[in-house]
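Asks: Okay, handing you the structure first.
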Amino acid sequence: MVKIQDKDKHYLFWRSYVDFMFKLAYRRVEYVGKEKIPQNAAIIYAPNHSNTLMDALAVLSIDKQAKVFVARADIFKQPTILKFLTFLKMLPINRKRDGIDSLAKNEEINDIVIDVLRDKVPFCILPEGTHRAMHSLMPLQKGIFRIAMQANEEFGNEMPVYIVPVGIEFGHYFRFWSSLLVQIGEPINVTKFVNDNPEMNAPQQINALRDELTDQMQKVMLQIPDDENYEATLELAHLQSKSKKSLINRFTTAKENIKNIENYLKSNPQQTQELLNMAGDFSKKRHSLGIGMTSVLKSNILLSLTWEKILLLLGLPYFIFSAVVTSLVTLLSMFICSKFKDKAWHNSLKFGIAGVLLPILFLIGIIVTFAFSWKLGLIFTILFIPSFYFLHEYLRLIRLFISDIKWLIHKDLRKQFEKINNNFKLFTK
């Protein structure tokens, strides 16, 4: 009988393509902590869930090893999505909201997962149970711990079972060609935990493991309380972090800023709340004007505008070519995304459409151009390969150029930011 975790040469071939396209979907990608992943063990990855299918692909791309996933059963209903998810070795899992009767089907899926883990193939489940495009971890569901403890009961005496927390931070939740930071947290040895706590019954062990995983996941992601200060806290968190070169340094600085804000709210609530109110007002104005934080943190806005103008003028001819030859991808993406109210699906849809259509457009272009002459075909080949990514980089530069102009024009907003920044520096001294 063919198992979902069995090696498949077709999967291996297309897996390389998916990994390649996934990393090209982001302008910058960093992986941190891969050395923490246990060896010769049953591994259950537990990432935060903020960007639908892209979260699973982020875990998939950690290394070359095949991985098996579960996703909510309702997204398997559409035939096209079903084929794509099955190709990625995804299994359907039902939730309470799908109906009590449907939960019985999960027992069969759990048995498959246990078999996957026994064969030392990593398994990934998104323990929040649903996605939300926020820097805030939702309560973890118990399914991941039941699977871990069942696996430990069946073969824990032969091979340890680990839950490995994964923090996924996107530079922008809804924008193609953003940034991606994937961090591996401290693995939780479920086998050791169960052996060290024999006095606990199963529900107590599950609750303790849930508390531990929650803590470890929050360490590798930006954790901002989902309250009235969320946007203001996020704004202050990025005051210094965006100026850092590496994504992990940006994350570390933002994490420290968030911690400082939480501490100041306890020690000096009135002044801290006043600062948060100013930051919240600034954030609303900035977003309403379409001014990016990158523009806000620039030390020389005039020099930046000059360079951006030069680059836009130099790249304009190739931008026009790129926009034309990839127009089908762009237009189809816009059309399909318009049908999805949940914007968190947009990047996943764009990734899928680009992955399918770009090779087809490339082959058609080669056939047509080589039919005229080999020189024309060679030129087309060279120009087409980076065109889709140049298009998005050029669009990013346009957004940045417009944002810089707006930031330069709005002197009152710059004064407001200077006041916020100075006050925040007083807190951090």
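Residues are named by chain letter and number: chains run A, B, ... in the order of the structure tokens, numbers start at 1 in each chain, and ligands are numbered from 1 in the order shown.
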Taking only residues of segment 1-52 of chain A that have an atom at most 7 Å from an atom of segment 115-136 of chain A, what is each one's shortest atom pair and its distance in Å to one decimal, using only C-alpha atoms, in chain and number order, as a Markdown table?
Replies:
```
| residue | atom | partner | partner_atom | distance |
| --- | --- | --- | --- | --- |
| A:Gln5 | CA | A:Val116 | CA | 6.0 |
| A:Ala41 | CA | A:Lys120 | CA | 6.4 |
| A:Ala42 | CA | A:Leu117 | CA | 5.2 |
| A:Ile43 | CA | A:Pro122 | CA | 4.9 |
| A:Ile44 | CA | A:Phe123 | CA | 4.9 |
| A:Tyr45 | CA | A:Cys124 | CA | 4.5 |
| A:Ala46 | CA | A:Leu126 | CA | 5.7 |
| A:Pro47 | CA | A:Leu126 | CA | 5.7 |
| A:Asn48 | CA | A:Leu126 | CA | 6.4 |
| A:His49 | CA | A:His131 | CA | 4.8 |
| A:Ser50 | CA | A:Ala133 | CA | 4.5 |
| A:Asn51 | CA | A:Ala133 | CA | 6.4 |
| A:Thr52 | CA | A:His131 | CA | 6.2 |
```
Asks: If we count only C-alpha atoms and set the cut-off at 12 Å, which residues sit around Asn157 of chain A, ignoring sequence neighbours fewer than 3 positions away in its own chain? Please answer as a PyMOL selection string.
Replies: chain A and resi 41-42+118+151-154+160-161+190-192+194-195
Asks: Can you list every residue in segment 112-172 of chain A that DSSP puts in strand (DSSP E), as a PyMOL selection string?
Replies: chain A and resi 123-124+161-170
Asks: Could the residues in this selection be written to a file with C-alpha atoms, as a PDB file, in the first residue's frame?
Replies:
```
ATOM      1  CA  PHE A 123       4.922  16.195  10.459  1.00  0.00           C
ATOM      2  CA  CYS A 124       3.608  19.763  10.623  1.00  0.00           C
ATOM      3  CA  VAL A 161       9.044  12.484  20.093  1.00  0.00           C
ATOM      4  CA  TYR A 162       9.681  16.216  19.770  1.00  0.00           C
ATOM      5  CA  ILE A 163       7.453  19.219  19.191  1.00  0.00           C
ATOM      6  CA  VAL A 164       9.524  21.878  17.410  1.00  0.00           C
ATOM      7  CA  PRO A 165       8.174  25.466  17.622  1.00  0.00           C
ATOM      8  CA  VAL A 166       8.594  27.587  14.491  1.00  0.00           C
ATOM      9  CA  GLY A 167       8.213  31.362  14.310  1.00  0.00           C
ATOM     10  CA  ILE A 168       7.247  32.778  10.920  1.00  0.00           C
ATOM     11  CA  GLU A 169       7.485  36.545  10.423  1.00  0.00           C
ATOM     12  CA  PHE A 170       6.411  38.144   7.142  1.00  0.00           C
TER      13      PHE A 170
END
```
Asks: Do you have, as a tab-separated table, the list of residues of segment 280-354 of chain A lying at most 8 Å from segment 404-428 of chain A, each with its nearest atom pair and that distance in Å to one decimal, counting only C-alpha atoms and ordered by chain then number?
Replies:
```
residue	atom	partner	partner_atom	distance
A:Phe282	CA	A:Phe417	CA	7.2
A:Arg286	CA	A:Leu413	CA	7.9
A:Leu289	CA	A:Lys406	CA	7.5
A:Ile291	CA	A:Trp407	CA	6.4
A:Ser295	CA	A:Asp404	CA	5.3
A:Val296	CA	A:Trp407	CA	6.9
A:Ile301	CA	A:Asp404	CA	6.6
A:Ser304	CA	A:Asp404	CA	7.9
A:Leu305	CA	A:Asp404	CA	6.7
```
Asks: Any chance you could export the current selection's N, CA and C atoms as a PDB file, in the first residue's frame?
Replies:
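Final file, result-v6.pdb:
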```pdb
ATOM      1  N   PHE A 282      -0.257  58.555  14.996  1.00  0.00           N
ATOM      2  CA  PHE A 282       0.726  58.653  13.908  1.00  0.00           C
ATOM      3  C   PHE A 282       0.549  57.498  12.929  1.00  0.00           C
ATOM      4  N   ARG A 286      -0.209  57.847   9.002  1.00  0.00           N
ATOM      5  CA  ARG A 286       0.806  57.323   8.073  1.00  0.00           C
ATOM      6  C   ARG A 286       0.189  56.331   7.094  1.00  0.00           C
ATOM      7  N   LEU A 289      -2.137  57.874   4.477  1.00  0.00           N
ATOM      8  CA  LEU A 289      -1.408  58.586   3.425  1.00  0.00           C
ATOM      9  C   LEU A 289      -0.582  57.638   2.548  1.00  0.00           C
ATOM     10  N   ILE A 291       2.266  56.058   3.547  1.00  0.00           N
ATOM     11  CA  ILE A 291       3.685  56.283   3.825  1.00  0.00           C
ATOM     12  C   ILE A 291       4.242  55.074   4.560  1.00  0.00           C
ATOM     13  N   SER A 295      10.349  54.777   4.623  1.00  0.00           N
ATOM     14  CA  SER A 295      10.526  56.205   4.340  1.00  0.00           C
ATOM     15  C   SER A 295      10.729  56.990   5.624  1.00  0.00           C
ATOM     16  N   VAL A 296       9.961  56.650   6.637  1.00  0.00           N
ATOM     17  CA  VAL A 296      10.010  57.370   7.918  1.00  0.00           C
ATOM     18  C   VAL A 296      11.399  57.293   8.541  1.00  0.00           C
ATOM     19  N   ILE A 301      16.267  61.737   3.030  1.00  0.00           N
ATOM     20  CA  ILE A 301      15.153  61.457   2.131  1.00  0.00           C
ATOM     21  C   ILE A 301      15.396  62.019   0.734  1.00  0.00           C
ATOM     22  N   SER A 304      17.736  59.718  -1.153  1.00  0.00           N
ATOM     23  CA  SER A 304      16.994  58.506  -1.501  1.00  0.00           C
ATOM     24  C   SER A 304      16.100  58.739  -2.709  1.00  0.00           C
ATOM     25  N   LEU A 305      15.412  59.861  -2.728  1.00  0.00           N
ATOM     26  CA  LEU A 305      14.539  60.183  -3.859  1.00  0.00           C
ATOM     27  C   LEU A 305      15.324  60.319  -5.156  1.00  0.00           C
TER      28      LEU A 305
END
```
Asks: Env of Ser333 of chain A: 10 Å cut, atoms = only C-alpha atoms, seq-sep filter 5 positions within chain, self excluded. Answer as a list in words.
Replies: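 Residues meeting the cut-off are Ser327, Leu328, Ser338, His346, Asn347, Leu349, Lys350, Phe351, Gly352, Ile353 and Ala354 of chain A.
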Asks: Keeping only C-alpha atoms, take the residues you just selected and write them out as a PDB file, in the first residue's frame.
Replies:
```
ATOM      1  CA  SER A 327       0.471  40.403 -17.853  1.00  0.00           C
ATOM      2  CA  LEU A 328      -1.572  37.184 -17.873  1.00  0.00           C
ATOM      3  CA  SER A 338     -10.795  39.875  -5.930  1.00  0.00           C
ATOM      4  CA  HIS A 346      -3.828  36.548  -1.679  1.00  0.00           C
ATOM      5  CA  ASN A 347      -0.126  35.660  -1.478  1.00  0.00           C
ATOM      6  CA  LEU A 349      -3.019  32.466  -4.705  1.00  0.00           C
ATOM      7  CA  LYS A 350      -0.419  34.668  -6.406  1.00  0.00           C
ATOM      8  CA  PHE A 351       2.273  32.096  -5.663  1.00  0.00           C
ATOM      9  CA  GLY A 352       0.190  29.269  -7.124  1.00  0.00           C
ATOM     10  CA  ILE A 353      -0.795  31.211 -10.244  1.00  0.00           C
ATOM     11  CA  ALA A 354       2.772  32.361 -10.896  1.00  0.00           C
TER      12      ALA A 354
END
```
Asks: Wanna dump the segment 223-322 of chain A-segment 16-32 of chain A contacts at 10 Å for me, each residue with its shortest atom pair and the distance in Å to one decimal, counting only C-alpha atoms, ordered by chain and number, as a Markdown table?
Replies:
```
| residue | atom | partner | partner_atom | distance |
| --- | --- | --- | --- | --- |
| A:Ser246 | CA | A:Glu30 | CA | 8.3 |
| A:Leu247 | CA | A:Glu30 | CA | 6.8 |
| A:Ile248 | CA | A:Glu30 | CA | 7.6 |
```
Asks: Go ahead and save the residues from that selection, with C-alpha atoms, as a PDB file, in the first residue's frame.
Replies:
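Output contents, as saved in again_7.pdb:
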```
ATOM      1  CA  SER A 246      19.433  41.461   8.770  1.00  0.00           C
ATOM      2  CA  LEU A 247      15.907  40.231   9.415  1.00  0.00           C
ATOM      3  CA  ILE A 248      16.890  38.495  12.645  1.00  0.00           C
TER       4      ILE A 248
END
```
Asks: Write out as a VMD selection string the residues lying within 7 Å of segment 270-278 of chain A, counting only C-alpha atoms and excluding same-chain residues fewer than 4 positions away.
Replies: chain A and resid 229 232 to 233 264 to 265 282 420
Asks: Could you jot down the atom CA of Leu137 of chain A to atom CA of Ala237 of chain A separation for me, Å, one decimal place?
Replies: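 For atom CA of Leu137 of chain A relative to atom CA of Ala237 of chain A, the distance reads 16.7 Å.
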Asks: Report the distance between atom CA of Ile364 of chain A and atom CA of Phe87 of chain A in Å, rounded to one decimal place.
Replies: 25.3 Å
Asks: Which of these residues is nearest to Ala58 of chain A, using only C-alpha atoms: A:Pro38, A:Leu180, A:Gly171, A:Pro187?
Replies: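 Comparing A:Pro38, A:Leu180, A:Gly171, A:Pro187 against Ala58 of chain A, the winner is A:Leu180.
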